[in-house]
Amino acid sequence: MTKKTNSKKEESEKAGFSAGFLWGVAHSSHQVEGNNRNNDWWRWERQGGSKDSSGRACDYWNLYAQDNQLAADLGCNALRLSLEWSRIEPKEGEFSAEALEHYRKILLDLKEKKLQRAVTLWHWTLPLWLVEKYGGWHQKETVDLFVRFGEKVIEKLGSEIEFFITLNEPNVVLGLGYLRGIFPPGKKSIFQFWRARKNMLCAHQKLYDKIKKLRSDLPTGITQYCANWDYSGKSLLLKFLFQKAEDWYNWSFQKKIAPRQDFIGFNYYRTIGVGLRFPWKDLKKDGLSNDLGWGFYPEGLKKIALRARKNFSLPTYVFENGLADSQDRLRGRFLKEHLAALAEANRQGGDVRGYFHWSLMDNFEWAHGYWPKFGLVEVDFETMERRPRPSFQVYQTIIRKNQS
Ligand code: BGC
């Protein structure tokens, strides 16, 4: 290595981001593609489970080239997207060559734009045929169906994928879909919760082994929703118990699959002040919060990144971090301070190698429908016009500075 590149490397390490750091944006199939009519969420929306119907969403299915270009214009070198199971396997055991070909085009377009492809296999939607015949994750048949779907994807598209995320936030779907009943399949049962969790754990591990046979070099893992819990009381016992509970919620899934993952993925949105008094409230730096009422608290991102390092000796990726901010009044500051917190975590021994902002553009926000605006780019859902918000430039500048 020459002196010049050496000092460049030292500089970026001092800044907290190693050379080759992944600067990305993220989204998921059902939230952006549009017309995913053949899955459980489409049905759930029609049953009143969401304020809106996902409908055409952002029409990413057709407009992917211009949206990928926006990510490239940002200066990103990576993009996280998910594949829609109900498109690839519209009927049990029948795989659509057309859908696979279309995804290949999207992946090739990303490659052409020099964006590494972080692909999620399951970002919350299940094909209708599966839920109608078998029920969903709480039924053991889902395990082998998922593994077969994953194998097919790796066989057909594996050469066009750089990072593979089998499951997005199992803890969120287990909580909202199996305990609170506000996500499909709408259950409120601890028994079904445990069965679904066991099946998800099993599905990831089985698929991981198959992937390692098909493409042993493909970094594979999951990404988990990590809530930072903050207990500021004096009781050492409570401090210990809250720490244990937080650890269980955030990391127990990944601990169980530990030998079968090549990285630690997590998504960070908020920090909750916990204690014996209810309701628990978000911590808010300078009293700031976003349109959904989630507190602005960058320090939490640092804590989670350091905790990831402490628990696992694996490279870490932040696969989601963002906020609902229709006026874009906070997003610029959010980016600056969260990325500064991440850099600080790395200086203190963390091993974060990539950051994916949620989201590139406004999209379908599940049960809330369309009103929360998470995009660096505003979408007019009537005309499908895209308009970068001022924070787009903020992220662009941060990326540019760290890459130069
Ligand atoms: C999910 C995304 C969602 C985001 C914002 C994450 O938990 O993975 O699909 O849009 O949070 O709520």
# chains A, B, ... in the order shown; residues from 1 in each chain; ligands from 1
$ residues_near_ligand --ligand "ligand 1" --cutoff "8 Å" --atoms "only C-alpha atoms and all ligand atoms" --output "JSON, numbers by chain"
{"A": [27, 28, 31, 123, 124, 168, 169, 172, 225, 267, 269, 320, 322, 323, 324, 358, 359, 363, 364, 365, 366, 374]}
$ residues_around --residues "range 388-390 of chain A" --least-positions-apart "5" --cutoff "6 Å" --atoms "only C-alpha atoms" --output "PyMOL selection string"
chain A and resi 376-378
$ closest_residue --among "A:Leu207, A:Val318, A:Leu128, A:Ile398" --to "Ala340 in chain A" --atoms "only C-alpha atoms"
A:Ile398
$ atom_distance --atom1 "CA of His357 in chain A" --atom2 "CA of Asn321 in chain A"
5.2 Å
$ residues_around --residues "Glu84 in chain A" --least-positions-apart "5" --cutoff "12 Å" --atoms "only C-alpha atoms" --output "PyMOL selection string"
chain A and resi 28-41+61+89-90+95-96+99-100+102-103+119-128+149-150+153
$ closest_residue --among "A:Met361, A:Leu130, A:Ala72, A:Ala15" --to "Leu110 in chain A" --atoms "only C-alpha atoms"
A:Ala72
$ residues_around --residues "Phe240 in chain A" --least-positions-apart "6" --cutoff "12 Å" --atoms "only C-alpha atoms" --output "list in words"
Trp229, Asp230, Tyr231, Ser232, Gly233, Lys234, Glu246, Asp247 and Gly275 of chain A
$ select_by_dssp --residues "range 138-209 of chain A" --states "strand (DSSP E or B)" --output "number ranges by chain"
A: 163-168
$ write_last_selection --atoms "all heavy atoms" --output "compact mmCIF listing (two decimals), in the first residue's frame"
# COMPACT_ATOMS: atom_id res chain seq x y z
N PHE A 163 -25.21 -9.17 -0.17
CA PHE A 163 -25.54 -9.44 1.24
C PHE A 163 -26.93 -10.04 1.28
O PHE A 163 -27.84 -9.53 0.62
CB PHE A 163 -25.55 -8.14 2.07
CG PHE A 163 -24.19 -7.57 2.25
CD1 PHE A 163 -23.66 -6.71 1.29
CD2 PHE A 163 -23.41 -7.90 3.35
CE1 PHE A 163 -22.39 -6.19 1.43
CE2 PHE A 163 -22.13 -7.38 3.50
CZ PHE A 163 -21.62 -6.53 2.54
N PHE A 164 -27.09 -11.09 2.08
CA PHE A 164 -28.38 -11.76 2.10
C PHE A 164 -28.97 -11.77 3.52
O PHE A 164 -28.35 -12.26 4.46
CB PHE A 164 -28.20 -13.19 1.59
CG PHE A 164 -29.48 -13.84 1.16
CD1 PHE A 164 -30.24 -13.31 0.13
CD2 PHE A 164 -29.93 -14.99 1.79
CE1 PHE A 164 -31.43 -13.91 -0.28
CE2 PHE A 164 -31.12 -15.60 1.38
CZ PHE A 164 -31.87 -15.06 0.35
N ILE A 165 -30.16 -11.19 3.62
CA ILE A 165 -30.84 -11.08 4.93
C ILE A 165 -32.07 -11.98 4.85
O ILE A 165 -33.01 -11.69 4.10
CB ILE A 165 -31.25 -9.61 5.18
CG1 ILE A 165 -30.01 -8.72 5.18
CG2 ILE A 165 -32.04 -9.47 6.47
CD1 ILE A 165 -30.29 -7.29 4.78
N THR A 166 -32.06 -13.07 5.58
CA THR A 166 -33.18 -14.00 5.44
C THR A 166 -34.47 -13.42 6.02
O THR A 166 -35.53 -13.51 5.41
CB THR A 166 -32.88 -15.34 6.15
OG1 THR A 166 -32.58 -15.04 7.52
CG2 THR A 166 -31.71 -16.07 5.51
N LEU A 167 -34.38 -12.83 7.22
CA LEU A 167 -35.58 -12.36 7.91
C LEU A 167 -35.42 -10.92 8.38
O LEU A 167 -34.38 -10.57 8.94
CB LEU A 167 -35.86 -13.22 9.15
CG LEU A 167 -36.03 -14.73 8.96
CD1 LEU A 167 -36.01 -15.44 10.31
CD2 LEU A 167 -37.35 -15.04 8.23
N ASN A 168 -36.45 -10.11 8.15
CA ASN A 168 -36.43 -8.75 8.68
C ASN A 168 -37.22 -8.69 9.99
O ASN A 168 -38.41 -9.00 10.01
CB ASN A 168 -37.07 -7.77 7.69
CG ASN A 168 -37.12 -6.36 8.25
OD1 ASN A 168 -36.10 -5.72 8.46
ND2 ASN A 168 -38.32 -5.87 8.55
$ closest_atom_pairs --of "range 321-396 of chain A" --to "range 293-297 of chain A" --cutoff "12 Å" --atoms "only C-alpha atoms" --output "Markdown table"
| residue | atom | partner | partner_atom | distance |
| --- | --- | --- | --- | --- |
| A:Asn321 | CA | A:Phe296 | CA | 11.4 |
| A:Gly322 | CA | A:Phe296 | CA | 10.0 |
| A:Leu323 | CA | A:Trp294 | CA | 8.1 |
| A:Ala324 | CA | A:Trp294 | CA | 8.7 |
| A:Asp325 | CA | A:Gly293 | CA | 10.2 |
| A:Leu330 | CA | A:Phe296 | CA | 8.8 |
| A:Arg331 | CA | A:Phe296 | CA | 10.0 |
| A:Arg333 | CA | A:Phe296 | CA | 9.8 |
| A:Phe334 | CA | A:Phe296 | CA | 7.4 |
| A:Leu335 | CA | A:Phe296 | CA | 10.8 |
| A:Glu337 | CA | A:Tyr297 | CA | 8.9 |
| A:His338 | CA | A:Tyr297 | CA | 8.2 |
| A:Leu339 | CA | A:Tyr297 | CA | 11.8 |
| A:Ala341 | CA | A:Tyr297 | CA | 9.8 |
| A:Pro372 | CA | A:Gly293 | CA | 10.8 |
$ closest_residue --among "A:Asp286, A:Ala57, A:Ala227, A:Tyr355" --to "Gln243 in chain A" --atoms "only C-alpha atoms"
A:Ala227
$ closest_residue --among "A:Asp52, A:Asp380, A:Glu151, A:Asp291" --to "Asp328 in chain A" --atoms "only C-alpha atoms"
A:Asp291
$ residues_around --residues "range 199-203 of chain A" --least-positions-apart "4" --cutoff "8 Å" --atoms "only C-alpha atoms" --output "list in words"
Trp137, His138, Gln139, Lys140, Thr142, Val143, Asp144, Phe146, Val147, Pro170, Arg195, Leu207, Phe253, Lys256 and Ile257 of chain A
